[in-house]
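Pasted below: input-v7.txt, compact mmCIF, C-alpha atoms and all ligand atoms.
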```
# COMPACT_ATOMS: atom_id res chain seq x y z
CA MET A 1 -0.88 11.10 32.68
CA SER A 2 -1.60 7.36 32.34
CA LEU A 3 -4.49 5.73 34.23
CA THR A 4 -2.96 2.28 33.83
CA PRO A 5 -1.08 1.06 36.91
CA LEU A 6 2.42 0.17 35.73
CA THR A 7 4.72 -2.55 37.00
CA GLU A 8 8.23 -1.58 38.04
CA THR A 9 9.60 -2.93 34.75
CA GLN A 10 7.03 -1.04 32.67
CA ALA A 11 7.74 2.20 34.55
CA SER A 12 11.49 1.83 34.07
CA ILE A 13 11.12 1.08 30.33
CA GLN A 14 8.96 4.20 30.05
CA GLN A 15 11.61 6.25 31.88
CA LEU A 16 14.41 4.84 29.71
CA ALA A 17 12.49 5.72 26.53
CA ARG A 18 11.60 9.18 27.86
CA GLY A 19 15.23 9.93 28.66
CA PHE A 20 16.49 8.63 25.33
CA ALA A 21 13.82 10.60 23.45
CA ALA A 22 14.66 13.81 25.35
CA ASP A 23 18.44 13.48 24.92
CA GLU A 24 18.91 11.86 21.52
CA ILE A 25 15.75 12.42 19.46
CA ALA A 26 13.89 15.62 20.39
CA PRO A 27 16.89 17.98 19.96
CA HIS A 28 17.41 16.79 16.36
CA ALA A 29 13.86 16.07 15.15
CA GLY A 30 13.33 19.52 13.59
CA ARG A 31 16.56 19.28 11.58
CA TRP A 32 15.82 15.70 10.44
CA ASP A 33 12.41 16.93 9.28
CA ARG A 34 13.89 19.90 7.38
CA GLU A 35 16.63 17.78 5.81
CA SER A 36 14.35 14.77 5.17
CA CYS A 37 16.83 12.37 6.67
CA PHE A 38 17.01 9.97 9.58
CA PRO A 39 20.53 8.85 10.61
CA VAL A 40 20.74 5.04 10.61
CA SER A 41 23.12 5.41 13.57
CA VAL A 42 20.13 6.57 15.66
CA ALA A 43 18.21 3.44 14.66
CA HIS A 44 21.16 1.32 15.74
CA ARG A 45 21.34 3.23 19.02
CA MET A 46 17.64 2.46 19.55
CA GLY A 47 18.56 -1.16 18.90
CA ALA A 48 21.41 -1.08 21.41
CA LEU A 49 18.94 0.08 24.08
CA GLY A 50 16.59 -2.79 23.21
CA PHE A 51 13.86 -0.72 21.54
CA LEU A 52 13.98 -2.79 18.35
CA GLY A 53 13.59 -6.19 20.00
CA MET A 54 11.03 -5.45 22.67
CA LEU A 55 8.54 -8.17 21.71
CA ILE A 56 11.12 -10.79 20.68
CA PRO A 57 11.83 -13.56 23.22
CA GLU A 58 15.26 -13.58 24.86
CA GLN A 59 16.18 -16.83 23.06
CA TYR A 60 16.23 -14.74 19.84
CA ASP A 61 18.18 -11.90 21.47
CA GLY A 62 15.13 -9.73 22.21
CA LEU A 63 13.90 -8.35 25.52
CA GLY A 64 10.78 -10.55 25.65
CA LEU A 65 8.65 -7.76 27.11
CA ASP A 66 4.89 -7.46 27.27
CA THR A 67 2.96 -5.41 24.71
CA LEU A 68 2.23 -2.54 27.14
CA SER A 69 5.95 -1.98 27.81
CA TYR A 70 6.52 -1.71 24.06
CA LEU A 71 3.63 0.72 23.55
CA LEU A 72 4.72 2.90 26.48
CA ALA A 73 8.20 3.20 24.96
CA LEU A 74 6.77 3.89 21.52
CA GLU A 75 4.57 6.71 22.84
CA GLU A 76 7.65 8.34 24.37
CA ILE A 77 9.62 8.14 21.12
CA ALA A 78 6.63 9.39 19.10
CA ALA A 79 6.13 12.39 21.39
CA ALA A 80 9.69 13.41 20.42
CA ASP A 81 9.55 12.47 16.72
CA ALA A 82 6.93 10.59 14.71
CA SER A 83 9.52 9.54 12.10
CA ALA A 84 11.66 7.74 14.68
CA ALA A 85 8.48 6.15 16.01
CA VAL A 86 7.34 4.74 12.68
CA LEU A 87 10.69 3.01 12.20
CA MET A 88 10.32 1.47 15.66
CA SER A 89 6.66 0.53 15.12
CA VAL A 90 7.11 -1.11 11.70
CA HIS A 91 10.25 -2.98 12.79
CA ASN A 92 8.75 -4.30 16.05
CA SER A 93 5.23 -5.03 14.80
CA LEU A 94 5.55 -6.29 11.25
CA PRO A 95 8.75 -7.94 9.89
CA THR A 96 10.04 -9.21 13.24
CA GLN A 97 6.61 -10.54 14.27
CA MET A 98 6.17 -12.25 10.90
CA LEU A 99 9.56 -13.97 11.30
CA LEU A 100 8.85 -14.89 14.91
CA ASN A 101 5.35 -16.25 14.33
CA PHE A 102 5.64 -17.82 10.88
CA GLY A 103 9.36 -18.14 10.07
CA SER A 104 11.47 -21.31 10.17
CA GLU A 105 14.04 -21.82 12.93
CA ALA A 106 16.79 -21.17 10.37
CA GLN A 107 15.15 -17.86 9.33
CA ARG A 108 14.81 -16.81 12.97
CA GLN A 109 18.46 -17.56 13.67
CA ARG A 110 19.70 -15.82 10.54
CA TYR A 111 17.39 -12.79 10.25
CA LEU A 112 15.42 -12.33 13.47
CA LYS A 113 18.32 -12.33 15.91
CA PRO A 114 20.22 -9.40 14.35
CA MET A 115 16.90 -7.56 13.98
CA ALA A 116 16.12 -8.08 17.68
CA ARG A 117 19.55 -6.63 18.54
CA GLY A 118 18.82 -3.68 16.25
CA GLU A 119 21.80 -4.43 14.03
CA SER A 120 19.45 -5.12 11.09
CA ILE A 121 16.50 -2.86 10.34
CA GLY A 122 13.28 -4.40 9.07
CA ALA A 123 10.69 -3.27 6.52
CA PHE A 124 7.33 -4.52 5.30
CA ALA A 125 6.40 -4.44 1.61
CA LEU A 126 2.72 -5.12 0.96
CA SER A 127 1.37 -2.02 -0.83
CA GLU A 128 1.79 -1.44 -4.56
CA PRO A 129 0.93 1.50 -6.81
CA GLU A 130 -2.42 -0.13 -7.74
CA ALA A 131 -2.97 -2.10 -4.52
CA GLY A 132 -3.47 -0.03 -1.36
CA SER A 133 -6.61 -0.64 0.73
CA ASP A 134 -7.36 -3.57 -1.57
CA ALA A 135 -3.96 -5.14 -0.83
CA SER A 136 -5.04 -8.61 -1.97
CA SER A 137 -5.12 -7.31 -5.55
CA LEU A 138 -1.33 -6.98 -5.53
CA ARG A 139 0.52 -7.97 -8.69
CA CYS A 140 4.16 -8.49 -7.73
CA GLN A 141 4.84 -11.98 -9.09
CA ALA A 142 7.04 -14.77 -7.73
CA THR A 143 7.69 -17.68 -10.09
CA ARG A 144 9.52 -20.91 -9.25
CA ASP A 145 12.89 -21.53 -10.92
CA GLY A 146 14.36 -24.75 -9.60
CA ASP A 147 14.77 -24.26 -5.84
CA ASP A 148 14.63 -20.49 -6.17
CA TRP A 149 11.91 -17.93 -6.76
CA ILE A 150 12.12 -15.12 -9.31
CA LEU A 151 10.39 -11.93 -8.08
CA THR A 152 9.23 -9.29 -10.52
CA GLY A 153 7.23 -6.19 -9.70
CA THR A 154 7.07 -2.96 -7.75
CA LYS A 155 6.28 -2.24 -4.11
CA SER A 156 5.35 1.27 -3.03
CA TRP A 157 5.47 3.25 0.20
CA VAL A 158 8.06 1.04 1.92
CA THR A 159 8.92 2.66 5.28
CA SER A 160 12.69 2.57 6.05
CA GLY A 161 13.17 1.23 2.51
CA THR A 162 16.43 3.10 1.85
CA PHE A 163 18.32 1.43 4.68
CA ALA A 164 16.31 -1.69 5.55
CA ASP A 165 18.41 -4.85 5.81
CA VAL A 166 15.52 -7.35 5.86
CA ILE A 167 12.26 -6.80 3.99
CA LEU A 168 9.16 -8.98 4.22
CA VAL A 169 7.68 -8.93 0.72
CA MET A 170 4.23 -10.20 -0.23
CA ALA A 171 4.01 -11.52 -3.80
CA ARG A 172 1.71 -13.69 -5.90
CA THR A 173 2.77 -17.30 -6.23
CA ASP A 174 -0.33 -18.44 -8.11
CA LEU A 175 -0.24 -18.57 -11.90
CA PRO A 176 -0.96 -15.19 -13.50
CA ASP A 177 -4.28 -16.42 -14.94
CA ALA A 178 -5.35 -18.27 -11.77
CA ARG A 179 -5.65 -15.11 -9.63
CA ARG A 180 -6.77 -16.83 -6.43
CA GLY A 181 -7.06 -13.49 -4.62
CA SER A 182 -5.55 -13.43 -1.16
CA LYS A 183 -4.98 -17.23 -1.30
CA GLY A 184 -2.45 -16.87 -4.11
CA ILE A 185 -0.10 -14.63 -2.09
CA SER A 186 3.07 -15.77 -0.30
CA ALA A 187 5.58 -13.93 1.90
CA PHE A 188 9.31 -13.80 1.24
CA VAL A 189 12.30 -12.69 3.30
CA VAL A 190 14.29 -10.39 1.02
CA THR A 191 17.66 -8.68 1.52
CA PRO A 192 18.99 -5.78 -0.58
CA ASP A 193 22.03 -7.78 -1.75
CA LEU A 194 19.86 -10.08 -3.89
CA PRO A 195 20.49 -9.55 -7.61
CA GLY A 196 17.63 -7.58 -9.17
CA PHE A 197 16.79 -5.55 -6.02
CA HIS A 198 16.51 -1.80 -6.67
CA VAL A 199 15.53 1.08 -4.39
CA GLY A 200 13.36 3.38 -6.52
CA LYS A 201 11.70 6.74 -6.03
CA LYS A 202 11.82 8.31 -2.55
CA GLU A 203 8.51 10.02 -1.74
CA ASP A 204 8.52 13.77 -1.05
CA LYS A 205 5.99 13.72 1.79
CA MET A 206 3.86 16.29 3.66
CA GLY A 207 4.96 15.00 7.05
CA LEU A 208 6.99 12.20 8.59
CA ARG A 209 9.67 13.68 6.40
CA ALA A 210 12.64 12.11 8.15
CA SER A 211 11.27 8.60 7.58
CA PRO A 212 12.37 7.41 4.13
CA THR A 213 9.35 6.07 2.22
CA VAL A 214 10.41 4.48 -1.05
CA GLN A 215 9.40 2.40 -3.98
CA LEU A 216 11.18 -0.95 -4.34
CA ASP A 217 11.60 -2.48 -7.78
CA PHE A 218 12.27 -6.18 -8.26
CA ASP A 219 13.66 -6.90 -11.67
CA GLY A 220 13.73 -10.69 -11.91
CA MET A 221 15.19 -10.81 -8.41
CA ARG A 222 16.39 -14.32 -7.52
CA VAL A 223 15.24 -15.30 -4.01
CA PRO A 224 16.48 -18.60 -2.51
CA GLY A 225 13.72 -21.14 -1.85
CA ALA A 226 14.69 -21.11 1.84
CA ASN A 227 13.47 -17.49 2.01
CA LEU A 228 9.81 -18.37 1.52
CA LEU A 229 8.14 -17.56 4.86
CA GLY A 230 5.94 -20.32 6.22
CA ASP A 231 3.57 -21.97 3.77
CA GLU A 232 3.08 -21.04 0.14
CA GLY A 233 -0.22 -19.17 -0.33
CA GLN A 234 -0.41 -18.01 3.31
CA GLY A 235 1.48 -14.72 2.97
CA PHE A 236 -1.61 -12.51 2.98
CA VAL A 237 -2.92 -14.15 6.15
CA TYR A 238 0.48 -13.65 7.82
CA ALA A 239 0.54 -9.99 6.76
CA MET A 240 -3.01 -9.32 8.00
CA ARG A 241 -2.36 -11.00 11.37
CA SER A 242 0.76 -8.89 11.80
CA LEU A 243 -1.16 -5.73 10.94
CA ASP A 244 -3.45 -6.44 13.93
CA ASN A 245 -0.33 -5.80 16.04
CA GLY A 246 0.91 -3.02 13.79
CA ARG A 247 -2.22 -1.01 14.42
CA LEU A 248 -1.49 -0.96 18.14
CA GLY A 249 1.93 0.51 17.34
CA ILE A 250 0.44 3.20 15.11
CA ALA A 251 -2.09 4.00 17.83
CA ALA A 252 0.78 4.54 20.30
CA GLN A 253 2.54 6.72 17.74
CA ALA A 254 -0.63 8.80 17.30
CA ILE A 255 -1.06 9.19 21.07
CA GLY A 256 2.55 10.39 21.30
CA ILE A 257 1.90 13.04 18.64
CA ALA A 258 -1.35 14.12 20.34
CA ARG A 259 0.33 14.31 23.74
CA SER A 260 3.09 16.48 22.34
CA ALA A 261 0.47 18.79 20.78
CA LEU A 262 -1.26 19.10 24.17
CA GLN A 263 1.99 19.73 26.09
CA HIS A 264 3.08 22.48 23.69
CA SER A 265 -0.42 23.99 23.83
CA LEU A 266 -0.52 24.05 27.63
CA SER A 267 2.83 25.85 27.80
CA TYR A 268 2.05 28.31 25.03
CA ALA A 269 -1.42 29.15 26.39
CA ALA A 270 0.12 29.91 29.79
CA GLU A 271 2.74 32.26 28.27
CA ARG A 272 0.98 33.99 25.40
CA LYS A 273 -0.86 37.11 26.50
CA GLN A 274 -3.68 38.86 24.65
CA PHE A 275 -6.07 41.46 26.07
CA GLY A 276 -3.70 41.66 29.05
CA VAL A 277 -4.04 38.04 30.23
CA PRO A 278 -2.56 34.66 29.30
CA ILE A 279 -4.80 33.10 26.64
CA LYS A 280 -5.36 30.08 28.94
CA GLU A 281 -7.73 32.37 30.86
CA PHE A 282 -10.13 32.34 27.92
CA GLN A 283 -12.78 29.63 28.17
CA ALA A 284 -12.56 28.99 24.42
CA ILE A 285 -8.91 27.95 24.86
CA GLN A 286 -9.64 25.96 28.05
CA PHE A 287 -12.30 23.95 26.21
CA LYS A 288 -9.81 23.04 23.47
CA LEU A 289 -7.25 21.89 26.05
CA ALA A 290 -9.90 19.91 27.91
CA ASP A 291 -11.12 18.17 24.76
CA MET A 292 -7.53 17.30 23.78
CA GLY A 293 -6.81 15.88 27.23
CA ALA A 294 -10.04 13.86 27.37
CA ARG A 295 -9.58 12.35 23.93
CA ILE A 296 -5.94 11.44 24.60
CA ALA A 297 -6.84 9.78 27.91
CA SER A 298 -9.61 7.70 26.31
CA ALA A 299 -7.49 6.62 23.34
CA ARG A 300 -4.64 5.65 25.68
CA ALA A 301 -6.94 3.75 28.07
CA LEU A 302 -8.40 1.70 25.20
CA LEU A 303 -4.92 1.02 23.83
CA HIS A 304 -3.58 -0.18 27.17
CA ALA A 305 -6.62 -2.42 27.75
CA THR A 306 -6.20 -3.87 24.25
CA ALA A 307 -2.50 -4.53 24.88
CA ALA A 308 -3.46 -6.52 27.99
CA ALA A 309 -6.09 -8.48 26.01
CA LYS A 310 -3.50 -9.30 23.35
CA ASP A 311 -1.09 -10.59 26.00
CA ARG A 312 -3.88 -12.78 27.41
CA GLY A 313 -4.00 -14.38 23.94
CA GLU A 314 -7.31 -12.83 22.89
CA SER A 315 -8.02 -11.72 19.32
CA VAL A 316 -7.61 -7.95 19.07
CA THR A 317 -8.74 -7.46 15.49
CA MET A 318 -11.69 -5.25 16.42
CA TYR A 319 -10.15 -3.45 19.39
CA GLY A 320 -6.90 -2.93 17.47
CA SER A 321 -8.85 -1.18 14.71
CA MET A 322 -10.76 0.85 17.32
CA CYS A 323 -7.46 1.88 18.94
CA LYS A 324 -5.95 2.95 15.64
CA LEU A 325 -9.09 4.83 14.57
CA LEU A 326 -9.58 6.63 17.88
CA ALA A 327 -5.90 7.46 18.40
CA SER A 328 -5.25 8.69 14.87
CA GLU A 329 -8.33 10.92 14.87
CA THR A 330 -7.24 12.19 18.30
CA ALA A 331 -3.79 13.00 16.90
CA MET A 332 -5.28 14.96 14.00
CA PHE A 333 -7.75 16.72 16.31
CA ALA A 334 -5.09 17.62 18.89
CA ALA A 335 -2.61 18.84 16.27
CA THR A 336 -5.30 20.95 14.57
CA GLU A 337 -6.35 22.51 17.88
CA ALA A 338 -2.70 23.12 18.79
CA VAL A 339 -2.17 25.09 15.58
CA GLN A 340 -5.30 27.10 16.41
CA ILE A 341 -4.10 27.81 19.98
CA PHE A 342 -0.76 29.03 18.61
CA GLY A 343 -2.60 31.29 16.12
CA GLY A 344 -0.26 32.60 13.41
CA TYR A 345 2.72 31.08 15.22
CA GLY A 346 1.12 27.68 14.77
CA TYR A 347 1.36 28.13 11.04
CA VAL A 348 5.11 28.64 10.83
CA LYS A 349 7.97 26.18 11.00
CA GLU A 350 9.72 28.09 13.77
CA TYR A 351 7.24 26.63 16.28
CA PRO A 352 6.77 22.89 16.88
CA VAL A 353 3.06 22.37 16.26
CA GLU A 354 3.22 22.86 12.48
CA LYS A 355 5.34 19.67 12.25
CA LEU A 356 2.93 17.81 14.55
CA PHE A 357 0.03 18.83 12.29
CA ARG A 358 1.84 17.42 9.22
CA ASP A 359 2.96 14.27 11.05
CA ALA A 360 -0.45 13.53 12.56
CA LYS A 361 -2.23 13.14 9.21
CA ILE A 362 -0.43 9.97 8.17
CA THR A 363 -1.73 8.06 11.19
CA GLU A 364 -5.21 8.23 9.61
CA ILE A 365 -3.88 6.71 6.39
CA TYR A 366 -1.25 3.98 6.79
CA GLU A 367 -1.71 0.46 8.11
CA GLY A 368 -5.34 0.81 6.98
CA THR A 369 -7.12 4.12 6.47
CA SER A 370 -9.81 5.30 8.91
CA GLU A 371 -12.43 4.13 6.41
CA ILE A 372 -10.91 0.63 6.39
CA GLN A 373 -10.74 0.58 10.22
CA ARG A 374 -14.47 1.41 10.34
CA ILE A 375 -15.17 -1.43 7.88
CA VAL A 376 -13.21 -3.86 10.07
CA ILE A 377 -14.96 -2.67 13.24
CA ALA A 378 -18.45 -2.94 11.71
CA ARG A 379 -17.66 -6.42 10.34
CA GLU A 380 -16.38 -7.59 13.72
CA LEU A 381 -19.41 -6.10 15.53
CA TYR A 382 -21.68 -8.27 13.37
CA SER A 383 -19.57 -11.39 13.83
CA ALA A 384 -19.27 -11.03 17.63
C1 LIG B 401 4.20 7.54 4.71
C2 LIG B 401 3.63 6.20 4.32
C3 LIG B 401 4.26 5.05 4.78
C4 LIG B 401 3.78 3.79 4.41
N1 LIG B 401 4.45 2.66 4.78
C5 LIG B 401 4.08 1.46 4.26
C6 LIG B 401 4.90 0.30 4.46
O1 LIG B 401 5.91 0.34 5.16
N2 LIG B 401 4.53 -0.86 3.87
C7 LIG B 401 3.40 -0.95 3.08
O2 LIG B 401 3.13 -2.04 2.57
N3 LIG B 401 2.61 0.14 2.87
C8 LIG B 401 2.93 1.33 3.43
N4 LIG B 401 2.16 2.45 3.20
C9 LIG B 401 0.96 2.33 2.36
C10 LIG B 401 -0.33 2.56 3.12
O3 LIG B 401 -0.61 1.47 3.95
C11 LIG B 401 -1.43 2.85 2.09
O4 LIG B 401 -1.19 4.16 1.59
C12 LIG B 401 -2.81 2.75 2.66
O5 LIG B 401 -3.12 1.41 2.96
C13 LIG B 401 -3.89 3.30 1.71
O6 LIG B 401 -3.71 2.82 0.40
P1 LIG B 401 -3.71 3.85 -0.83
O7 LIG B 401 -2.76 4.93 -0.48
O8 LIG B 401 -3.49 3.10 -2.08
O9 LIG B 401 -5.16 4.48 -0.84
P2 LIG B 401 -6.46 3.85 -1.53
O10 LIG B 401 -6.64 2.44 -1.09
O11 LIG B 401 -6.45 4.12 -2.99
O12 LIG B 401 -7.61 4.70 -0.85
C14 LIG B 401 -8.00 6.01 -1.31
C15 LIG B 401 -9.23 6.44 -0.51
O13 LIG B 401 -10.31 5.53 -0.75
C16 LIG B 401 -10.78 5.00 0.48
N5 LIG B 401 -11.22 3.61 0.30
C17 LIG B 401 -10.55 2.60 -0.30
N6 LIG B 401 -11.28 1.47 -0.26
C18 LIG B 401 -12.42 1.77 0.42
C19 LIG B 401 -13.58 1.04 0.80
N7 LIG B 401 -13.71 -0.27 0.54
N8 LIG B 401 -14.56 1.68 1.45
C20 LIG B 401 -14.46 3.01 1.75
N9 LIG B 401 -13.39 3.76 1.41
C21 LIG B 401 -12.38 3.15 0.77
C22 LIG B 401 -9.58 5.08 1.43
O14 LIG B 401 -9.99 5.02 2.78
C23 LIG B 401 -8.98 6.40 1.02
O15 LIG B 401 -9.68 7.46 1.64
C24 LIG B 401 2.61 3.70 3.60
C25 LIG B 401 1.98 4.88 3.15
C26 LIG B 401 2.49 6.11 3.49
C27 LIG B 401 1.81 7.35 2.94
```

Give the structure from the file, written as structure tokens.
Ligand SMILES: Cc1cc2nc3c(=O)[nH]c(=O)nc-3n(C[C@H](O)[C@H](O)[C@H](O)COP(=O)(O)OP(=O)(O)OC[C@H]3O[C@@H](n4cnc5c(N)ncnc54)[C@H](O)[C@@H]3O)c2cc1C
Amino acid sequence: MSLTPLTETQASIQQLARGFAADEIAPHAGRWDRESCFPVSVAHRMGALGFLGMLIPEQYDGLGLDTLSYLLALEEIAAADASAAVLMSVHNSLPTQMLLNFGSEAQRQRYLKPMARGESIGAFALSEPEAGSDASSLRCQATRDGDDWILTGTKSWVTSGTFADVILVMARTDLPDARRGSKGISAFVVTPDLPGFHVGKKEDKMGLRASPTVQLDFDGMRVPGANLLGDEGQGFVYAMRSLDNGRLGIAAQAIGIARSALQHSLSYAAERKQFGVPIKEFQAIQFKLADMGARIASARALLHATAAAKDRGESVTMYGSMCKLLASETAMFAATEAVQIFGGYGYVKEYPVEKLFRDAKITEIYEGTSEIQRIVIARELYSA
């Protein structure tokens, strides 16, 4: 289904991910969704196969693969379960990339290596109850105390927050009255054993129900000075640069969801008979299938071209936003059409497309809403 010619390595990574997804994710995804739980053992199994260190160089125990290999694997996992895919996307794109690109050698040895092996799971804590799209207005405060930092505040919507071992937290390090906007924000490497770390409310979500999304509360949490990432005041820049990569991951997740919606629709439309013929004989149904296929192919082609541009060292800020926008709207479109093709059976939990419909929506919201992606794209078009 992919137009992109794959190398032998890329094709074998794709096959490995497809097999793992079919054997160890797809059979359980419905139950995880119903029970709102994702077994950490599955995350560790993903790690053992290398899926949590795909973009990390071998010297830090990763696989050192190219971006396309990673996105191919992510699409396979997402087609089986969007919750498993978001864990993989956040871990590979955000905390590990921040440590790799901006962390000290000591931080890479201590935190990045076990994350690359999948023994430690990573999370990314930028959003707050009052700071979503306008993330630079965040209020979580870090104050110096000798060599340490004292962190106070609340982070919201932290993916994998119940079981994450390493969390990259963005907090203000300017004085409360200075409020230097994004320039007063630093990034910290935080572990749940630090005194004052609390896992708060777990969100009861529409979709992506197996992925634990939680609030984290820092009550005067003492963070060693050595856990400041990179330079003081640069945390927002580090987070934004990492989100450029993160958006490619979410695009792959969205394409996986859309592809699954199309596959289920093709099978159902061939089996379901009305007026004496399979419903795939009706042109109205064929047009839906054709539109789904065309949109998926274009979103995937743009994503694969952007992955290659990233690996050539080019800036992918604009194309990354285009990928995320196009793929997430394709996922929502495909899941909506799938429900329609299934008719009443699309509306009940016994059939798979109802879950896809619920899971697809989040791809238009997190790591920058569709409105924010359009703002980024328009800004970049003017600055090109
Ligand atoms: C399941 C889930 C997992 C998440 N995981 C993480 C995570 O791991 N780490 C993390 O830090 N965050 C995470 N998030 C947070 C997510 O990134 C934010 O929800 C998202 O950025 C939007 O912020 P908000 O929800 O506060 O919405 P708001 O920013 O309040 O936006 C509300 C509406 O206003 C629109 N809007 C806002 N500003 C503008 C503007 N300037 N122009 C036009 N329209 C605008 C938005 O597009 C949206 O439609 C997660 C969220 C969810 C739901």

Handout entry: Nearest to Tyr268 of chain A, chosen from A:Leu151, A:Ala360, A:Ile285, A:Ala48, with all atoms listed in the file counted in the distances
Key =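 Ranked by minimum distance to Tyr268 of chain A, first place goes to A:Ile285.
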
Could the residues of chain A that have an atom at most 6 Å from ligand LIG 401 (chain B) be listed as CSV, each with its closest atom pair and the distance in Å to one decimal, counting all atoms listed in the file and ordered by chain and ascending residue number?
```
residue,atom,partner,partner_atom,distance
A:Phe124,CA,B:LIG401,N2,4.8
A:Ala125,CA,B:LIG401,O2,4.2
A:Leu126,CA,B:LIG401,O2,3.5
A:Ser127,CA,B:LIG401,O2,3.8
A:Ala131,CA,B:LIG401,O8,5.8
A:Gly132,CA,B:LIG401,O8,3.2
A:Ser133,CA,B:LIG401,O10,3.6
A:Trp157,CA,B:LIG401,C24,4.5
A:Val158,CA,B:LIG401,O1,4.0
A:Thr159,CA,B:LIG401,O1,3.8
A:Thr213,CA,B:LIG401,C3,5.8
A:Ile365,CA,B:LIG401,C12,5.5
A:Tyr366,CA,B:LIG401,O3,3.8
A:Glu367,CA,B:LIG401,O3,4.4
A:Gly368,CA,B:LIG401,O5,4.6
A:Thr369,CA,B:LIG401,O14,4.8
A:Glu371,CA,B:LIG401,O14,4.5
A:Ile372,CA,B:LIG401,O14,5.8
```

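Candidate residues A:Gly276, A:Gly207, A:Gly153, A:Gly233 were compared for distance to Gly181 of chain A, and the nearest is A:Gly233, using all atoms listed in the file.
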
Handout entry: Contact residues around Lys288 of chain A with only C-alpha atoms at 12 Å, ignoring same-chain residues under 3 positions, as number ranges by chain
Key = A: 261-262, 265-266, 269, 279-280, 282-285, 291-295, 333-342

Fill in the blank from the handout: Min atom-atom distance to Ala17 of chain A from the set A:Pro278, A:Gly50, A:Gly249, A:Gly196, counting only C-alpha atoms, belongs to A:Gly50

Problem - For Ala239 of chain A, the nearest of the candidates A:Val169, A:Met115, A:Asp23, A:Val86, counting only C-alpha atoms - result: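 Looking only at the distances to Ala239 of chain A, the closest residue turns out to be A:Val169.
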